[in-house]
file input-v1.cif (mmCIF, C-alpha atoms)
data_run
#
loop_
_atom_site.label_atom_id
_atom_site.label_comp_id
_atom_site.auth_asym_id
_atom_site.auth_seq_id
_atom_site.Cartn_x
_atom_site.Cartn_y
_atom_site.Cartn_z
CA MET A 3 10.31 -1.69 -14.05
CA GLN A 4 10.45 -4.66 -11.71
CA ILE A 5 9.24 -3.79 -8.23
CA LEU A 6 9.47 -5.79 -5.02
CA SER A 7 6.37 -4.80 -3.03
CA ILE A 8 6.28 -5.93 0.61
CA GLN A 9 2.88 -5.13 2.10
CA SER A 10 -0.32 -6.50 3.56
CA SER A 11 -2.95 -8.11 1.35
CA VAL A 12 -6.71 -8.63 1.54
CA ALA A 13 -8.99 -10.97 -0.37
CA TYR A 14 -11.88 -8.49 -0.47
CA GLY A 15 -11.20 -4.88 -1.32
CA HIS A 16 -8.09 -2.86 -1.99
CA VAL A 17 -5.42 -2.02 0.58
CA GLY A 18 -1.70 -2.80 0.75
CA ASN A 19 -0.56 -5.02 -2.09
CA SER A 20 -4.20 -5.50 -3.02
CA ALA A 21 -4.25 -1.77 -3.83
CA ALA A 22 -0.73 -1.27 -5.18
CA VAL A 23 -0.12 -4.26 -7.45
CA PHE A 24 -2.90 -3.80 -10.02
CA PRO A 25 -2.14 -0.12 -10.77
CA LEU A 26 1.55 -0.92 -11.19
CA GLN A 27 0.76 -3.82 -13.50
CA ARG A 28 -1.72 -1.67 -15.44
CA LEU A 29 1.15 0.74 -16.06
CA GLY A 30 3.19 -2.14 -17.48
CA HIS A 31 5.46 -2.92 -14.54
CA GLU A 32 6.30 -6.35 -13.14
CA VAL A 33 5.50 -6.62 -9.42
CA TRP A 34 6.90 -9.24 -7.06
CA SER A 35 4.24 -9.18 -4.38
CA VAL A 36 5.36 -10.31 -0.92
CA ASN A 37 2.51 -10.31 1.61
CA THR A 38 2.93 -9.59 5.30
CA VAL A 39 -0.66 -10.53 6.16
CA HIS A 40 -3.47 -12.21 4.25
CA PHE A 41 -6.73 -10.95 5.68
CA SER A 42 -10.28 -11.38 4.45
CA ASN A 43 -10.71 -7.58 4.37
CA HIS A 44 -9.07 -4.46 5.75
CA THR A 45 -9.29 -3.81 9.47
CA GLY A 46 -11.39 -0.68 9.06
CA TYR A 47 -14.45 -2.91 9.03
CA GLY A 48 -13.75 -3.76 12.67
CA ALA A 49 -13.74 -7.52 12.02
CA TRP A 50 -11.58 -9.66 9.75
CA ARG A 51 -10.12 -13.12 9.43
CA GLY A 52 -6.87 -14.54 8.20
CA PRO A 53 -3.23 -14.91 9.16
CA LEU A 54 -0.60 -12.38 10.14
CA LEU A 55 2.54 -13.83 8.59
CA ALA A 56 5.54 -14.38 10.84
CA PRO A 57 8.55 -12.21 9.99
CA ASP A 58 10.60 -15.34 9.27
CA ASP A 59 7.98 -16.46 6.74
CA VAL A 60 8.18 -13.10 4.97
CA ARG A 61 11.97 -13.35 5.02
CA ASP A 62 11.80 -16.85 3.51
CA VAL A 63 9.68 -15.66 0.58
CA ILE A 64 12.19 -12.91 -0.20
CA ALA A 65 15.06 -15.37 0.18
CA GLY A 66 13.30 -17.66 -2.29
CA ILE A 67 13.20 -14.85 -4.83
CA ASP A 68 16.91 -14.31 -4.21
CA ASP A 69 17.47 -18.05 -4.79
CA ARG A 70 16.19 -17.57 -8.34
CA GLY A 71 19.02 -15.12 -8.90
CA VAL A 72 16.69 -12.30 -9.89
CA LEU A 73 16.61 -10.03 -6.85
CA GLY A 74 19.27 -7.83 -8.40
CA GLN A 75 16.93 -7.14 -11.29
CA ALA A 76 14.58 -5.23 -9.01
CA ASP A 77 14.48 -1.52 -9.82
CA ALA A 78 12.64 -0.59 -6.63
CA VAL A 79 11.36 -1.83 -3.29
CA LEU A 80 7.98 -0.58 -2.06
CA SER A 81 6.61 -0.90 1.47
CA GLY A 82 3.58 0.39 3.34
CA TYR A 83 2.00 -0.43 6.70
CA GLN A 84 4.43 -2.18 9.03
CA GLY A 85 2.66 -3.60 12.04
CA ASP A 86 5.74 -4.96 13.78
CA PRO A 87 9.36 -3.75 13.99
CA ALA A 88 10.43 -7.32 13.18
CA VAL A 89 8.67 -7.09 9.81
CA GLY A 90 10.25 -3.68 9.32
CA ALA A 91 13.65 -5.26 9.87
CA VAL A 92 12.86 -7.83 7.17
CA VAL A 93 11.94 -5.02 4.78
CA LEU A 94 15.17 -3.15 5.50
CA ASP A 95 17.22 -6.33 5.03
CA ALA A 96 15.50 -6.83 1.67
CA VAL A 97 16.26 -3.23 0.69
CA ALA A 98 19.92 -3.70 1.64
CA ARG A 99 20.15 -6.93 -0.38
CA VAL A 100 18.51 -5.42 -3.46
CA LYS A 101 20.80 -2.39 -3.32
CA GLU A 102 23.83 -4.62 -2.82
CA LEU A 103 22.93 -6.40 -6.06
CA ASN A 104 21.67 -3.27 -7.87
CA PRO A 105 23.00 0.02 -6.48
CA ALA A 106 20.66 1.94 -8.80
CA ALA A 107 17.55 0.52 -7.11
CA VAL A 108 15.47 2.77 -4.85
CA TYR A 109 13.38 2.20 -1.76
CA CYS A 110 9.96 3.88 -1.52
CA CYS A 111 8.41 3.87 1.96
CA ASP A 112 4.86 4.90 2.74
CA PRO A 113 5.30 5.57 6.49
CA VAL A 114 1.81 4.56 7.58
CA MET A 115 1.26 5.63 11.19
CA GLY A 116 -1.81 7.83 11.60
CA ASP A 117 -3.96 10.63 10.29
CA VAL A 118 -5.74 13.83 11.28
CA GLY A 119 -8.75 13.08 13.44
CA ARG A 120 -7.60 9.53 14.16
CA GLY A 121 -4.20 10.13 15.70
CA MET A 122 -1.75 7.25 15.67
CA PHE A 123 -3.39 3.94 14.81
CA VAL A 124 -0.35 1.68 14.84
CA ARG A 125 1.13 -0.21 17.78
CA PRO A 126 3.21 1.72 20.34
CA GLY A 127 6.81 1.98 19.22
CA ILE A 128 6.03 1.77 15.50
CA PRO A 129 6.02 5.55 14.90
CA GLU A 130 9.44 5.94 16.50
CA PHE A 131 10.75 2.94 14.56
CA MET A 132 9.49 4.45 11.32
CA ARG A 133 10.97 7.87 12.12
CA ASP A 134 14.34 6.74 13.43
CA THR A 135 15.11 3.59 11.43
CA VAL A 136 12.94 3.09 8.35
CA VAL A 137 12.54 6.58 6.88
CA PRO A 138 16.29 7.37 6.97
CA ALA A 139 16.86 4.24 4.85
CA ALA A 140 14.34 5.32 2.18
CA ASP A 141 14.96 7.19 -1.05
CA VAL A 142 11.30 8.16 -1.48
CA VAL A 143 8.74 8.68 1.30
CA THR A 144 5.04 9.48 0.97
CA PRO A 145 3.66 10.64 4.35
CA ASN A 146 0.36 12.41 4.82
CA HIS A 147 0.39 15.81 6.53
CA PHE A 148 -0.13 14.31 9.99
CA GLU A 149 2.72 11.83 9.49
CA LEU A 150 5.03 14.54 8.13
CA ASP A 151 4.56 16.59 11.28
CA PHE A 152 5.46 13.59 13.43
CA LEU A 153 8.51 12.72 11.35
CA ALA A 154 9.75 16.32 11.55
CA GLY A 155 8.80 16.80 15.21
CA THR A 156 6.72 19.88 14.57
CA THR A 157 3.24 21.22 13.82
CA THR A 158 2.75 22.92 10.48
CA THR A 159 -0.07 25.30 9.56
CA THR A 160 1.46 27.26 6.66
CA LEU A 161 2.89 26.08 3.35
CA GLU A 162 6.27 27.49 4.34
CA GLU A 163 6.20 25.42 7.53
CA VAL A 164 5.26 22.31 5.54
CA LEU A 165 8.27 22.82 3.25
CA ALA A 166 10.52 23.36 6.25
CA ALA A 167 9.26 20.12 7.79
CA VAL A 168 9.94 18.29 4.53
CA ASP A 169 13.48 19.66 4.58
CA VAL A 170 13.98 18.21 8.07
CA VAL A 171 12.89 14.79 6.82
CA ARG A 172 15.04 15.02 3.70
CA GLU A 173 18.10 15.85 5.78
CA ARG A 174 17.77 12.40 7.35
CA GLY A 175 18.03 10.52 4.06
CA PRO A 176 15.08 10.52 1.63
CA ARG A 177 15.66 12.74 -1.38
CA ASP A 178 12.09 12.62 -2.69
CA VAL A 179 9.12 13.39 -0.46
CA LEU A 180 5.46 13.40 -1.45
CA VAL A 181 3.11 14.82 1.20
CA THR A 182 -0.58 14.03 0.81
CA SER A 183 -3.69 15.59 2.38
CA VAL A 184 -1.91 18.86 3.13
CA LEU A 185 -4.14 21.42 4.84
CA HIS A 186 -2.54 24.81 5.46
CA ASP A 187 -3.87 28.31 6.02
CA ALA A 188 -3.84 29.23 2.30
CA VAL A 189 -5.70 26.16 0.99
CA PRO A 190 -9.16 27.16 -0.29
CA GLU A 191 -12.15 25.81 1.62
CA GLY A 192 -13.09 22.33 0.47
CA HIS A 193 -9.68 21.62 -1.05
CA LEU A 194 -6.32 20.13 -0.08
CA ASP A 195 -2.78 20.26 -1.40
CA VAL A 196 -0.41 17.50 -2.44
CA VAL A 197 3.23 18.56 -2.26
CA ALA A 198 6.28 16.99 -3.94
CA VAL A 199 9.84 17.95 -2.99
CA SER A 200 13.14 16.78 -4.44
CA ASP A 201 16.69 18.01 -5.02
CA THR A 202 15.42 19.87 -8.09
CA GLY A 203 12.63 21.84 -6.40
CA ALA A 204 9.18 21.73 -4.85
CA TRP A 205 5.73 21.63 -6.44
CA ALA A 206 2.11 21.44 -5.32
CA VAL A 207 -1.29 20.71 -6.76
CA THR A 208 -4.59 21.74 -5.19
CA THR A 209 -7.45 19.26 -5.52
CA PRO A 210 -11.09 19.34 -4.41
CA LEU A 211 -11.77 17.47 -1.18
CA LEU A 212 -14.36 14.85 -2.07
CA PRO A 213 -16.89 13.69 0.57
CA LEU A 214 -15.38 10.25 1.16
CA ALA A 215 -12.34 8.74 2.86
CA PRO A 216 -11.91 5.15 1.66
CA ASN A 217 -9.05 2.91 2.71
CA GLY A 218 -6.23 2.17 0.31
CA CYS A 219 -5.80 5.54 -1.40
CA GLY A 220 -2.46 6.11 0.28
CA ASP A 221 -1.24 2.70 -0.92
CA VAL A 222 -2.27 3.52 -4.48
CA THR A 223 -0.69 6.97 -4.27
CA ALA A 224 2.67 5.66 -3.07
CA ALA A 225 2.78 3.01 -5.80
CA LEU A 226 1.83 5.45 -8.56
CA TYR A 227 4.25 8.15 -7.43
CA LEU A 228 7.13 5.67 -7.28
CA ALA A 229 6.31 4.38 -10.75
CA HIS A 230 5.86 7.78 -12.39
CA LEU A 231 8.87 9.29 -10.63
CA ARG A 232 11.13 6.50 -11.85
CA THR A 233 9.81 6.41 -15.39
CA THR A 234 9.64 10.18 -16.00
CA GLY A 235 12.48 11.37 -13.78
CA SER A 236 10.38 14.42 -12.96
CA PRO A 237 8.75 15.02 -9.55
CA ALA A 238 6.40 17.59 -11.09
CA GLU A 239 5.29 15.20 -13.82
CA ALA A 240 4.94 12.34 -11.32
CA LEU A 241 2.84 14.62 -9.09
CA ALA A 242 0.52 15.56 -11.97
CA LEU A 243 0.07 11.98 -13.18
CA THR A 244 -0.45 10.56 -9.69
CA THR A 245 -2.98 13.13 -8.52
CA GLY A 246 -4.90 12.92 -11.79
CA THR A 247 -5.28 9.17 -11.45
CA VAL A 248 -6.09 9.11 -7.74
CA PHE A 249 -8.75 11.81 -8.14
CA ALA A 250 -10.31 9.82 -10.99
CA VAL A 251 -10.37 6.70 -8.81
CA LEU A 252 -12.05 8.66 -6.01
CA GLU A 253 -14.61 10.15 -8.41
CA GLU A 254 -15.43 6.64 -9.67
CA THR A 255 -15.75 5.42 -6.09
CA LEU A 256 -18.02 8.30 -5.13
CA ALA A 257 -20.23 7.68 -8.15
CA ALA A 258 -20.47 3.98 -7.33
CA GLY A 259 -21.33 4.69 -3.69
CA THR A 260 -19.00 1.94 -2.48
CA ARG A 261 -16.73 1.73 0.53
CA GLU A 262 -13.93 0.07 -1.48
CA ILE A 263 -12.04 2.12 -4.05
CA GLN A 264 -13.02 1.38 -7.64
CA LEU A 265 -9.61 0.49 -9.06
CA VAL A 266 -10.85 -1.83 -11.78
CA ALA A 267 -13.59 0.52 -12.95
CA ALA A 268 -11.08 3.38 -13.08
CA GLN A 269 -8.30 1.43 -14.76
CA GLY A 270 -8.43 3.62 -17.85
CA ALA A 271 -7.32 6.56 -15.70
CA ILE A 272 -4.50 4.41 -14.32
CA ALA A 273 -3.15 3.42 -17.73
CA SER A 274 -3.67 6.92 -19.20
CA PRO A 275 -3.61 9.42 -16.32
CA PRO A 276 -5.82 12.45 -16.89
CA ARG A 277 -4.01 15.76 -16.54
CA THR A 278 -6.63 17.18 -14.23
CA PHE A 279 -4.24 19.24 -12.09
CA ALA A 280 -1.32 21.40 -13.16
CA PRO A 281 1.53 21.51 -10.62
CA ARG A 282 2.70 24.93 -9.51
CA ARG A 283 6.32 25.44 -8.60
CA LEU A 284 6.92 26.46 -4.98
CA ARG A 285 10.68 26.89 -5.16
#

call {"tool": "encode", "arguments": {"input": "input-v1.cif", "output": "structure tokens"}}
result
Amino acid sequence: MQILSIQSSVAYGHVGNSAAVFPLQRLGHEVWSVNTVHFSNHTGYGAWRGPLLAPDDVRDVIAGIDDRGVLGQADAVLSGYQGDPAVGAVVLDAVARVKELNPAAVYCCDPVMGDVGRGMFVRPGIPEFMRDTVVPAADVVTPNHFELDFLAGTTTTTLEEVLAAVDVVRERGPRDVLVTSVLHDAVPEGHLDVVAVSDTGAWAVTTPLLPLAPNGCGDVTAALYLAHLRTTGSPAEALALTTGTVFAVLEETLAAGTREIQLVAAQGAIASPPRTFAPRRLR
């Protein structure tokens, strides 16, 4: 595939495009990487340097790609953290242009807003913008459990409630939803679920909860799920391949004892995903 990825980037470490591009390339896909920031490192360190690109600058880069006459060749648009509604508007304009040129293209949105234990960590107004404007324009969304609850306007503690919340989100536009870090009352201690829902059904895998929480895993997950979903056409297969790879990356990171995810060291598991987890059909 050819994928237009509009995200942040860092020189050191792996978040945003710096997390998504390499796995997609390792799978054999072309990635047109458009950066919304270029920081020295991710903001989780508490200090960083580098520019936040102006929305007009981001728009100009995309317009330059369009000038080459190739934007219609894009099979998908991928976006992650959006720190400003103005950047979000640029992303949505790019999605509209790509779909105008190629109606078969899809938009995958990782609606980064917050997480359990941290609450919302984006600027005020961003969560509502994501819920009301961005997510309805997406074909594929990859929220974590906390973000799903916000998007659906509810609190979910059972698997049935999670599926009902996904249905609320899907009614607004996205046909494919991947929910990460799902903790419900039937998940075994020390584990979590990852749930995939589409028009053809719903599936889940249960994975061990490893003792680390590095930045960038959500960015990798969204990229991998988009790629595997589009190439296999199967949400269950995409779920199995994605979770197998991400778990291998986390195991490599844990073994290395590093704060940054070990994408390069785990590249074998990116190119040839281990079938570590078998999806179970929920409906």

call {"tool": "atom_distance", "arguments": {"input": "input-v1.cif", "atom1": "CA of Thr247 in chain A", "atom2": "CA of Ser10 in chain A"}}
result
22.3 Å

call {"tool": "resolve_selection", "arguments": {"input": "input-v1.cif", "expression": "the PyMOL selection byres ((chain A and resi 268-279) around 7)", "output": "ChimeraX atom specification"}}
result
/A:25,28-29,207,242-243,246-247,250-251,254,264-267,280-281

call {"tool": "closest_residue", "arguments": {"input": "input-v1.cif", "among": "A:Asp95, A:Thr209, A:Thr223, A:Leu80", "to": "Pro145 in chain A", "atoms": "all atoms listed in the file"}}
result
A:Thr223

call {"tool": "residues_around", "arguments": {"input": "input-v1.cif", "residues": "Leu252 in chain A", "least_positions_apart": "3", "cutoff": "9 Å", "atoms": "all atoms listed in the file", "output": "number ranges by chain"}}
result
A: 212, 214-216, 219, 247-249, 255-257, 263-264, 268

call {"tool": "residues_around", "arguments": {"input": "input-v1.cif", "residues": "range 158-169 of chain A", "least_positions_apart": "5", "cutoff": "8 Å", "atoms": "only C-alpha atoms", "output": "list in words"}}
result
Leu150, Asp151, Val179, Leu185, His186, Asp187, Ala188 and Val199 of chain A

call {"tool": "closest_atom_pairs", "arguments": {"input": "input-v1.cif", "of": "range 116-202 of chain A", "to": "range 83-90 of chain A", "cutoff": "8 Å", "atoms": "all atoms listed in the file", "output": "CSV"}}
result
residue,atom,partner,partner_atom,distance
A:Val124,CA,A:Gly85,CA,6.7
A:Arg125,CA,A:Gly85,CA,6.8
A:Ile128,CA,A:Pro87,CA,6.6
A:Phe131,CA,A:Pro87,CA,6.9
A:Val136,CA,A:Gly90,CA,7.3

call {"tool": "residues_around", "arguments": {"input": "input-v1.cif", "residues": "range 40-57 of chain A", "least_positions_apart": "5", "cutoff": "8 Å", "atoms": "only C-alpha atoms", "output": "PDB file with C-alpha atoms, in the frame of the given file"}}
result
ATOM      1  CA  SER A  10      -0.320  -6.500   3.560  1.00  0.00           C
ATOM      2  CA  SER A  11      -2.950  -8.110   1.350  1.00  0.00           C
ATOM      3  CA  VAL A  12      -6.710  -8.630   1.540  1.00  0.00           C
ATOM      4  CA  ALA A  13      -8.990 -10.970  -0.370  1.00  0.00           C
ATOM      5  CA  TYR A  14     -11.880  -8.490  -0.470  1.00  0.00           C
ATOM      6  CA  GLY A  15     -11.200  -4.880  -1.320  1.00  0.00           C
ATOM      7  CA  HIS A  16      -8.090  -2.860  -1.990  1.00  0.00           C
ATOM      8  CA  VAL A  17      -5.420  -2.020   0.580  1.00  0.00           C
ATOM      9  CA  ALA A  88      10.430  -7.320  13.180  1.00  0.00           C
ATOM     10  CA  VAL A  89       8.670  -7.090   9.810  1.00  0.00           C
ATOM     11  CA  VAL A  92      12.860  -7.830   7.170  1.00  0.00           C
ATOM     12  CA  ASN A 217      -9.050   2.910   2.710  1.00  0.00           C
TER      13      ASN A 217
END

call {"tool": "resolve_selection", "arguments": {"input": "input-v1.cif", "expression": "the PyMOL selection byres ((chain A and resi 118) around 10)", "output": "number ranges by chain"}}
result
A: 116-117, 119-122, 146-149, 183

call {"tool": "atom_distance", "arguments": {"input": "input-v1.cif", "atom1": "CA of Pro126 in chain A", "atom2": "CA of Val181 in chain A"}}
result
23.2 Å

call {"tool": "residues_around", "arguments": {"input": "input-v1.cif", "residues": "His230 in chain A", "least_positions_apart": "5", "cutoff": "8 Å", "atoms": "only C-alpha atoms", "output": "list in words"}}
result
Gly235, Glu239, Ala240, Leu243 and Thr244 of chain A

call {"tool": "resolve_selection", "arguments": {"input": "input-v1.cif", "expression": "the PyMOL selection byres ((chain A and resi 100) around 12)", "output": "number ranges by chain"}}
result
A: 4-6, 64-65, 67-68, 71-80, 93-99, 101-109

call {"tool": "atom_distance", "arguments": {"input": "input-v1.cif", "atom1": "CA of Pro237 in chain A", "atom2": "CA of Gly155 in chain A"}}
result
24.8 Å

call {"tool": "residues_around", "arguments": {"input": "input-v1.cif", "residues": "Ala225 in chain A", "least_positions_apart": "4", "cutoff": "7 Å", "atoms": "only C-alpha atoms", "output": "list in words"}}
result
Ala22, Leu26, Asp221 and Ala229 of chain A

call {"tool": "write_last_selection", "arguments": {"input": "input-v1.cif", "atoms": "C-alpha atoms", "output": "tab-separated table (two decimals), in the frame of the given file"}}
result
chain	number	residue	atom	x	y	z
A	22	ALA	CA	-0.73	-1.27	-5.18
A	26	LEU	CA	1.55	-0.92	-11.19
A	221	ASP	CA	-1.24	2.70	-0.92
A	229	ALA	CA	6.31	4.38	-10.75
